[in-house]
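Okay, so here's the structure we're looking at.
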Amino acid sequence: MNIKRNNTPGEIGPRVVLSWILIATTAYCFLPWVALEYGITDFTMDELLDALGWNYNKATLVVPLLLLILVPFAWIKLPRKKSGWLFTILSGAVIGILLFSFIASNTSMGLAAGVILLCLAALFAIGISELGFQRGDTFIAGAVIFVVLMVAMFIFYPVWEIFRNVLFNKAGAFVPFQFFRIVTSFGVGRVIWNTLRLAFTVGAATTVCGLIFALYSVRATSRFRYLIRVFYILPIITPPFVVGMSLILLFGRAGMISDGLMFLFGPAGIFTPEGSQGIFERSGYIYGFLGIFLAQTLSLTPVSYMVISGMLSSINPAMEEASLTMRASRWTTLWKVTFPLLRPAIANAFLLGMISSAADFGNPLVLGGEYDVLSTEIYFSIAGAQLDFAKAAALGLILLFLSLSVFYIQKKWIGKKSYVTVTGVETSGNVTPLPKFLQRSLTLFISFWFILVGIVYISIFLGGFVTQWGADYSLTLSHHVELWSKGLSSGAWPSFLHSLSYSVIAAPLTTLVGVLIAYILTRKQFFGRGVIDFGTVLIFAVPGTVIGVAYILAFNTAPIELTGTAVILIITMAIRAMPVGIRGGMSALSQISTSLEEASILQRAGSLKTIRSVLLPLLKSTIVSSMAYSFIRAMTTVSAVIFLATAGTDVATTYILSRVESGDTGVAVAYGSVLILTMLIFTLLVQLVTGRSRTDKQVKII
Amino acid sequence: MSDSSIKIVLKNVSKYFGKVCALNAVDIEFAPGTLTTLLGPSGCGKTTLLRLVSGLEPVSSGEIWFGDENVTDLSATRRDIGMVFQSYALFPHMSVGQNVGYGLGVLKTAPDETQERVREVLEMVDMDGYQNRYPDELSGGQQQRVAVARAMVLRPKVLLFDEPLSNIDSKLRRSMRDDIRRLQQGSKITSIYVTHDQAEALAVSDEILIMRKGAIEQQGPPQSLYHHPETAFVANFIGESNVVDAELLGEGKTRQLVLGDAEINIAQGKKTTRQNGPVKLSLRPEVIEIAPKEEISPQALSGLIVQSAYMGPVIEYSIETKVGILFTRAPAYAGQFQKKEEVCVRIRPEEIIIIPNA
Ligand SMILES: Nc1ncnc2c1ncn2[C@@H]1O[C@H](COP(=O)(O)OP(=O)(O)OP(=O)(O)O)[C@@H](O)[C@H]1O
Ligand SMILES: [Mg+2]
């Protein structure tokens with residue numbers, strides 16, 4: 001029996017080249033070359049015709065003509081890599097000319113220009129792979145080019161725009177000292193100090209609480225600990241500011257608990273001696289440091305819990321047993337053996353807590369009051385009447401710097417060590433139990449925590465059914481009616497449907513790109529890999545508010561005008577959720593031996609076939625859970641989208657916040673509770689579909 | 001040799017990982033249809049050499065030829081290679097049949113033809129009938145057989161084995177290595193085989209290639225490597241050997257070796273390229289005989305037993321002599337010398353190896 005060997009897989013056939021050229025030419029003929037006045041969704045035929053390349057400007061005909069030159073070379077292979085040079089140089093040159101002409105003429109690109117650029121990038125990839133890039137693997141070369149372009153366009157370019165707005169004035173002149181003038185024109189020192197103080201305390205608090213939960217769930221002998229494994233789901237599916245809102249319901253001026261305290265200890269309270277003022281006074285004590293601190297600690301502790309418990313459960317019990325057999329007490333063992341082993345995880349949890357606190361936007365916005373932090377200050381310098389882009393950029397730069405430095409410390413110092421263990425297998429059985437006294441105190445603490453969390457969530461759900469919290473506790477459906485039964489084009493529906501549809505598009509997109517980045521970073525070594533590596537660091541480290549400002553600065557004007565469109569929101573959601581896909585992909589890929597891929601390659605399969613037949617099936621569960629979690633992130637994100645959502649494209653979270661700002665707390669919590677319920681049902685459905693053990697995996701991706 | 005067998009030639013091939021030199025300008029020829037074993041200490045570059053031949057890793061410099069085709073720039077997909085990995089690398093989500101038929105699918109072979117061909121190779125490795133099992137339902141040895149079948153199913157020009165038996169227990173290893181040898185000789189595919197186990201190497205190879213620190217130390221058939229090691233390193237690596245210092249004296253019939261307190265006449269006709277002067281000798285355990293102290297003569301060394309271990313049919317001794325500690329074995333029926341006993345150590349002159357390059 002003979003085996004056919006004539007087809008050489010992996011080789012780029014004429015069909016591939018031709019399809020890219022064909023797509024580009026079609027786009028040129030039928031899609032708008034320049035941006036339409038009112039966007040793709042809303043145009044007249046005349047507008048479209050005017051915007052078509054051959055109508056708009058005859059000079060644009062150069063592009064399809066240059067592309068046609070390449071057609072014969074889909075078949076003809078020039079000797080000694082000359083074909084490669086031809087493709088590389090020609091497509092590279094056309095890309096350059098295109099970009100230059102749009103920038104120089106200050107016009108916004110239309111859809112056709114975008115599609116053509118993408119096709120040119122593909123042809124460029126074909127060219128350089130023929131020249132030996134990625135050892136001639138066209139698919140990988142294309143993927144690398146695509147990722148580099150994406151990172152350049154949606155990370156580097158926007159971040160650069162922040163720098164540009166700080167370093168240059170409106171006229172374009174270089175003003176190196178503008179930064180100092182801006183930041184010294186108001187109390188920037190106070191804002192930074194506020195941010196740092198908050199970040200530090202929240203980092204410490206979440207670490208301590210996370211450690212308590214971790215010790216309890218991994219080591220305690222009580223049945224209670226199984227509850228803990230459930231509790232980390234809640235903050236994940238809750239939009240970050242909702243906890244803040246419920247704190248207002250509970251501890252605000254008209255808060256329920258404030259009322260109670262008033263009743264007991266207020267000036268006329270039953271425990272207040274006659275004639276005294278009492279020890280409790282109605283005030284806005286929850287607005288400011290205390291409130292933000294409480295809200296962030298409540299919502300960020302699960303993250304620190306997961307980091308620490310991952311490491312704790314991967315500690316080999318034998319080490320502790322060794323200590324015990326040497327007559328050390330359980331206390332000594334905990335103190336001298338367990339804690340030192342946990343040190344990297346503890347440090348990691350602390351730094352993660354700090355970063356998340358500094359980047360959090362929703363809670364300070366809702367609870368901040370006089371206490372201004374960087375993220376809210378950035379927002380207020382653009383929102384409303386101020387529109388001070390230079391100030392927003394300068395503050396964004398400071399926040400970015402803070403976040404990057406903490407991230408850098410984390411990565412250099414402990415990143416590697418704790419990475420492996422977060423995904424480590426859980427050891428079973430013979431763990432050393434906690435000292436009795438410690439276990440009892442921890443039980444007490446955790447019960448208290450659960451009660452608090454319980455009250456928080458109950459108040460959110462009740463809040464939606466109460467006429468006027470604090471004044472009139474009669475039950476009503478009016479908030480929900482206002483939201484949900486006023487037709488699909490008013491109330492909550494538009495924003496809810498926007499959120500759903502954008503997230504449904506963003507989730508698979510971000511997972512795909514995230515896993516692709518993970519694949520490139522774990523599997524490929526090449527010149528220029530550092531670019532992707534650094535881009536990934538930025539994706540992880542840039543706070544949402546900074547992304548928001550950067551996108552406004554970058555995509556508000558020619559050559560790429562996207563603000564006000566759904567596209568920019570989808571992209572923002574995708575970028576914000578991308579760490580999920582990258583992390584999930586990295587940890588899954590690091591567990592798949594490269595020899596599987598090599599075995600496939602030696603069976604004559606190209607890299608595309610290898611990815612499809614070997615990697616994808618093995619990554620299936622990772623991809624599904626990343627997609628689900630990205631969807632949740634996209635649905636609940638606030639910080640970046642709040643800068644970009646407009647009246648026509650508002651999403652659930654921005655709608656809720658706008659109702660909070662206008663004082664409709666009842667409506668806001670009603671909406672919030674529906675959102676939480678939706679996410680909860682979604683999570684349960686995903687778990688049902690993907691099997692029971694998925695919870696752990698899904699959560700480990702974070 | 002069938003006419004489809006090809007010769008593999010490495011011309012001045014080097015491989016650097018950053019600054020680490022894993023392979024330093026090696027020139028090697030693998031004869032058509034032969035099985036060559038790469039043997040050497042850990043980290044000497046065996047796997048690297050294999051991966052360069054496979055194309056999974058690009059060379060830093062030099063050329064690789066398959067027959068009269070220069071494959072240096074050819075990707076692994078197009079080099080026509082079958083490889084058996086140490087970890088088997090079976091696709092866990094595919095059945096045995098799908099694993100073995102994977103490459104046929106890639107080449108768009110018709111389904112019934114694929115099935116027939118899969119059955120044929122599985123039969124060769126005694127695994128026909130297991131088509132519908134999944135890898136995790138097989139024992140280690142069975143998985144390795146499937147891996148071998150998969151490597152051979154496309155009738156590649158070259159077969160590569162990277163420590164294929166190191167995860168298999170020692171009894172099974174013996175029969176597996178015989179099977180691999182049989183399959184290779186039947187198919188006459190030029191093969192390169194990496195192992196740590198010198199017994200395995202001696203058993204399966206047409207040729208053995210000893211590597212050291214990214215360079216080739218010696219290449220040749222097992223017997224020639226065993227009996228004519230060119231360096232002390234090779235003598236030590238293949239079989240057990242005592243490498244000792246000696247001095248070469250005299251001319252023609254009176255040519256002698258002085259080692260310690262012994263003077264040994266070299267047997268008639270024993271040739272060495274070495275000049276008179278200090279040399280290194282390789283003494284295999286089987287060349288060394290122990291006798292009671294009373295039989296001492298000028299041709300023998302006096303020694304002191306420092307270790308004496310009963311190993312069933314043989315007894316292993318370590319003997320302290322003027323030239324260092326010598327290791328040898330004696331049949332157990334001859335009786336056991338005790339530790340601390342003084343003995344006479346005789347060396348059979350005709351089997352002394354004078355190492356050429358030491
Ligand atoms: N991907 C790599 N990156 C950096 N260095 C490498 C890489 N692969 C191998 N090396 C280095 O090259 C040298 C040779 O490695 P190689 O794996 O070929 O050794 P080996 O002979 O197969 O060893 P072993 O018997 O332990 O398998 C070693 O020093 C190793 O550290
Ligand atoms: Mg090796």
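Every chain in the structure tokens has a letter given in the order shown (A, B, ...), and although residue numbers restart at 1 in each chain, ligands are simply numbered from 1 in the order shown.
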Within 9 Å of ligand 1 (only C-alpha atoms and all ligand atoms), residues as a PyMOL selection string
chain B and resi 15-23+38-51+57+162-163+194-196+211-214
Please identify all polymer residues within 12 Å of range 185-187 of chain B, counting only C-alpha atoms, omitting same-chain residues fewer than 2 positions from it, and present them as a PDB file with N, CA, C and O atoms, in the first residue's frame.
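Done, and the output landed in selection-v8.pdb:
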ATOM      1  N   MET B   1      19.804  -4.245   2.823  1.00  0.00           N
ATOM      2  CA  MET B   1      19.329  -2.857   2.813  1.00  0.00           C
ATOM      3  C   MET B   1      18.352  -2.651   1.664  1.00  0.00           C
ATOM      4  O   MET B   1      18.644  -2.981   0.533  1.00  0.00           O
ATOM      5  N   SER B   2      17.193  -2.143   1.985  1.00  0.00           N
ATOM      6  CA  SER B   2      16.269  -1.833   0.888  1.00  0.00           C
ATOM      7  C   SER B   2      16.672  -0.498   0.282  1.00  0.00           C
ATOM      8  O   SER B   2      17.327   0.309   0.926  1.00  0.00           O
ATOM      9  N   ASP B   3      16.273  -0.285  -0.965  1.00  0.00           N
ATOM     10  CA  ASP B   3      16.769   0.914  -1.653  1.00  0.00           C
ATOM     11  C   ASP B   3      16.131   2.188  -1.116  1.00  0.00           C
ATOM     12  O   ASP B   3      16.555   3.286  -1.453  1.00  0.00           O
ATOM     13  N   SER B   4      15.080   2.061  -0.263  1.00  0.00           N
ATOM     14  CA  SER B   4      14.487   3.293   0.250  1.00  0.00           C
ATOM     15  C   SER B   4      15.242   3.804   1.481  1.00  0.00           C
ATOM     16  O   SER B   4      15.002   4.913   1.926  1.00  0.00           O
ATOM     17  N   SER B   5      16.144   2.985   2.011  1.00  0.00           N
ATOM     18  CA  SER B   5      16.892   3.459   3.184  1.00  0.00           C
ATOM     19  C   SER B   5      17.789   4.622   2.793  1.00  0.00           C
ATOM     20  O   SER B   5      18.381   4.627   1.726  1.00  0.00           O
ATOM     21  N   PRO B  32      22.834   4.016   5.938  1.00  0.00           N
ATOM     22  CA  PRO B  32      21.463   3.684   5.568  1.00  0.00           C
ATOM     23  C   PRO B  32      21.009   2.382   6.219  1.00  0.00           C
ATOM     24  O   PRO B  32      21.762   1.414   6.276  1.00  0.00           O
ATOM     25  N   GLY B  33      19.788   2.375   6.737  1.00  0.00           N
ATOM     26  CA  GLY B  33      19.194   1.158   7.252  1.00  0.00           C
ATOM     27  C   GLY B  33      19.725   0.687   8.587  1.00  0.00           C
ATOM     28  O   GLY B  33      19.343  -0.384   9.047  1.00  0.00           O
ATOM     29  N   THR B  34      20.596   1.429   9.197  1.00  0.00           N
ATOM     30  CA  THR B  34      21.164   0.985  10.470  1.00  0.00           C
ATOM     31  C   THR B  34      20.438   1.629  11.652  1.00  0.00           C
ATOM     32  O   THR B  34      19.730   2.616  11.499  1.00  0.00           O
ATOM     33  N   LEU B  35      20.655   1.025  12.824  1.00  0.00           N
ATOM     34  CA  LEU B  35      20.192   1.639  14.051  1.00  0.00           C
ATOM     35  C   LEU B  35      21.410   2.087  14.847  1.00  0.00           C
ATOM     36  O   LEU B  35      22.266   1.269  15.183  1.00  0.00           O
ATOM     37  N   VAL B 121      -0.019  -2.069  11.099  1.00  0.00           N
ATOM     38  CA  VAL B 121       1.085  -1.679  11.998  1.00  0.00           C
ATOM     39  C   VAL B 121       0.809  -2.095  13.426  1.00  0.00           C
ATOM     40  O   VAL B 121       1.729  -2.453  14.156  1.00  0.00           O
ATOM     41  N   MET B 124       1.970  -5.479  13.788  1.00  0.00           N
ATOM     42  CA  MET B 124       3.434  -5.549  13.905  1.00  0.00           C
ATOM     43  C   MET B 124       3.893  -5.391  15.345  1.00  0.00           C
ATOM     44  O   MET B 124       4.897  -5.940  15.748  1.00  0.00           O
ATOM     45  N   MET B 152       5.677   4.534  13.020  1.00  0.00           N
ATOM     46  CA  MET B 152       6.040   3.794  11.808  1.00  0.00           C
ATOM     47  C   MET B 152       4.955   3.808  10.741  1.00  0.00           C
ATOM     48  O   MET B 152       5.193   3.413   9.611  1.00  0.00           O
ATOM     49  N   VAL B 153       3.750   4.248  11.090  1.00  0.00           N
ATOM     50  CA  VAL B 153       2.620   4.042  10.210  1.00  0.00           C
ATOM     51  C   VAL B 153       2.782   4.747   8.858  1.00  0.00           C
ATOM     52  O   VAL B 153       2.313   4.261   7.837  1.00  0.00           O
ATOM     53  N   LEU B 154       3.488   5.869   8.831  1.00  0.00           N
ATOM     54  CA  LEU B 154       3.645   6.599   7.572  1.00  0.00           C
ATOM     55  C   LEU B 154       4.885   6.145   6.798  1.00  0.00           C
ATOM     56  O   LEU B 154       5.257   6.765   5.809  1.00  0.00           O
ATOM     57  N   ARG B 155       5.502   5.057   7.242  1.00  0.00           N
ATOM     58  CA  ARG B 155       6.739   4.559   6.628  1.00  0.00           C
ATOM     59  C   ARG B 155       7.738   5.693   6.420  1.00  0.00           C
ATOM     60  O   ARG B 155       8.107   6.034   5.291  1.00  0.00           O
ATOM     61  N   PRO B 156       8.177   6.281   7.530  1.00  0.00           N
ATOM     62  CA  PRO B 156       9.055   7.450   7.410  1.00  0.00           C
ATOM     63  C   PRO B 156      10.448   7.045   6.916  1.00  0.00           C
ATOM     64  O   PRO B 156      10.799   5.868   6.921  1.00  0.00           O
ATOM     65  N   LYS B 157      11.206   8.053   6.498  1.00  0.00           N
ATOM     66  CA  LYS B 157      12.583   7.798   6.061  1.00  0.00           C
ATOM     67  C   LYS B 157      13.488   7.567   7.258  1.00  0.00           C
ATOM     68  O   LYS B 157      14.521   6.926   7.156  1.00  0.00           O
ATOM     69  N   VAL B 158      13.101   8.177   8.383  1.00  0.00           N
ATOM     70  CA  VAL B 158      13.973   8.150   9.552  1.00  0.00           C
ATOM     71  C   VAL B 158      13.118   7.871  10.786  1.00  0.00           C
ATOM     72  O   VAL B 158      12.022   8.397  10.911  1.00  0.00           O
ATOM     73  N   LEU B 159      13.641   7.019  11.662  1.00  0.00           N
ATOM     74  CA  LEU B 159      12.952   6.773  12.929  1.00  0.00           C
ATOM     75  C   LEU B 159      13.818   7.276  14.078  1.00  0.00           C
ATOM     76  O   LEU B 159      15.022   7.002  14.108  1.00  0.00           O
ATOM     77  N   ASP B 178      14.019  -5.879  22.176  1.00  0.00           N
ATOM     78  CA  ASP B 178      14.155  -6.870  21.116  1.00  0.00           C
ATOM     79  C   ASP B 178      13.130  -6.620  20.015  1.00  0.00           C
ATOM     80  O   ASP B 178      13.428  -6.753  18.823  1.00  0.00           O
ATOM     81  N   ASP B 179      11.901  -6.243  20.441  1.00  0.00           N
ATOM     82  CA  ASP B 179      10.860  -5.959  19.453  1.00  0.00           C
ATOM     83  C   ASP B 179      11.237  -4.785  18.578  1.00  0.00           C
ATOM     84  O   ASP B 179      11.071  -4.811  17.354  1.00  0.00           O
ATOM     85  N   ILE B 180      11.738  -3.742  19.221  1.00  0.00           N
ATOM     86  CA  ILE B 180      12.129  -2.557  18.450  1.00  0.00           C
ATOM     87  C   ILE B 180      13.219  -2.931  17.450  1.00  0.00           C
ATOM     88  O   ILE B 180      13.181  -2.547  16.279  1.00  0.00           O
ATOM     89  N   ARG B 181      14.162  -3.715  17.926  1.00  0.00           N
ATOM     90  CA  ARG B 181      15.261  -4.149  17.054  1.00  0.00           C
ATOM     91  C   ARG B 181      14.711  -4.924  15.851  1.00  0.00           C
ATOM     92  O   ARG B 181      15.085  -4.691  14.704  1.00  0.00           O
ATOM     93  N   ARG B 182      13.788  -5.852  16.145  1.00  0.00           N
ATOM     94  CA  ARG B 182      13.208  -6.689  15.090  1.00  0.00           C
ATOM     95  C   ARG B 182      12.465  -5.817  14.066  1.00  0.00           C
ATOM     96  O   ARG B 182      12.650  -5.954  12.852  1.00  0.00           O
ATOM     97  N   LEU B 183      11.639  -4.901  14.571  1.00  0.00           N
ATOM     98  CA  LEU B 183      10.872  -4.040  13.677  1.00  0.00           C
ATOM     99  C   LEU B 183      11.795  -3.206  12.807  1.00  0.00           C
ATOM    100  O   LEU B 183      11.584  -3.027  11.613  1.00  0.00           O
ATOM    101  N   ILE B 189      14.536   0.994   8.217  1.00  0.00           N
ATOM    102  CA  ILE B 189      14.489   2.450   8.272  1.00  0.00           C
ATOM    103  C   ILE B 189      15.679   2.929   9.106  1.00  0.00           C
ATOM    104  O   ILE B 189      15.931   2.410  10.195  1.00  0.00           O
ATOM    105  N   THR B 190      16.415   3.877   8.574  1.00  0.00           N
ATOM    106  CA  THR B 190      17.557   4.420   9.294  1.00  0.00           C
ATOM    107  C   THR B 190      17.080   5.001  10.614  1.00  0.00           C
ATOM    108  O   THR B 190      16.180   5.846  10.636  1.00  0.00           O
ATOM    109  N   SER B 191      17.667   4.533  11.729  1.00  0.00           N
ATOM    110  CA  SER B 191      17.128   4.913  13.030  1.00  0.00           C
ATOM    111  C   SER B 191      18.201   5.443  13.960  1.00  0.00           C
ATOM    112  O   SER B 191      19.348   5.007  13.922  1.00  0.00           O
ATOM    113  N   VAL B 204      20.815  -3.448  21.074  1.00  0.00           N
ATOM    114  CA  VAL B 204      20.017  -3.105  19.899  1.00  0.00           C
ATOM    115  C   VAL B 204      20.799  -2.512  18.731  1.00  0.00           C
ATOM    116  O   VAL B 204      20.310  -2.500  17.610  1.00  0.00           O
ATOM    117  N   SER B 205      22.020  -2.041  18.965  1.00  0.00           N
ATOM    118  CA  SER B 205      22.594  -1.158  17.948  1.00  0.00           C
ATOM    119  C   SER B 205      23.420  -1.856  16.890  1.00  0.00           C
ATOM    120  O   SER B 205      24.061  -2.864  17.144  1.00  0.00           O
ATOM    121  N   ASP B 206      23.404  -1.273  15.699  1.00  0.00           N
ATOM    122  CA  ASP B 206      24.431  -1.576  14.705  1.00  0.00           C
ATOM    123  C   ASP B 206      25.676  -0.777  15.032  1.00  0.00           C
ATOM    124  O   ASP B 206      26.791  -1.225  14.871  1.00  0.00           O
TER     125      ASP B 206
END
Distance-based interface of chain B with chain A, 10 Å, counting only C-alpha atoms, as number ranges by chain
B: 54-58, 73-94, 99-109, 113-114, 116-117, 147, 150-156
Name the residues of range 561-649 of chain A that come out as alpha helix (DSSP H) in a backbone DSSP run; write them as an NGL selection string.
:A and (566-589 or 594-602 or 607-610 or 616-636 or 641-644)
Which is closer to ligand 2 than all the others in B:Pro164, B:Glu123, B:Val13, B:Ser282, using only C-alpha atoms and all ligand atoms?
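Of all the options, B:Pro164 lies closest to ligand 2.
Here CA of Ile6 in chain B stands at a distance of 16.1 Å from CA of Tyr193 in chain B.
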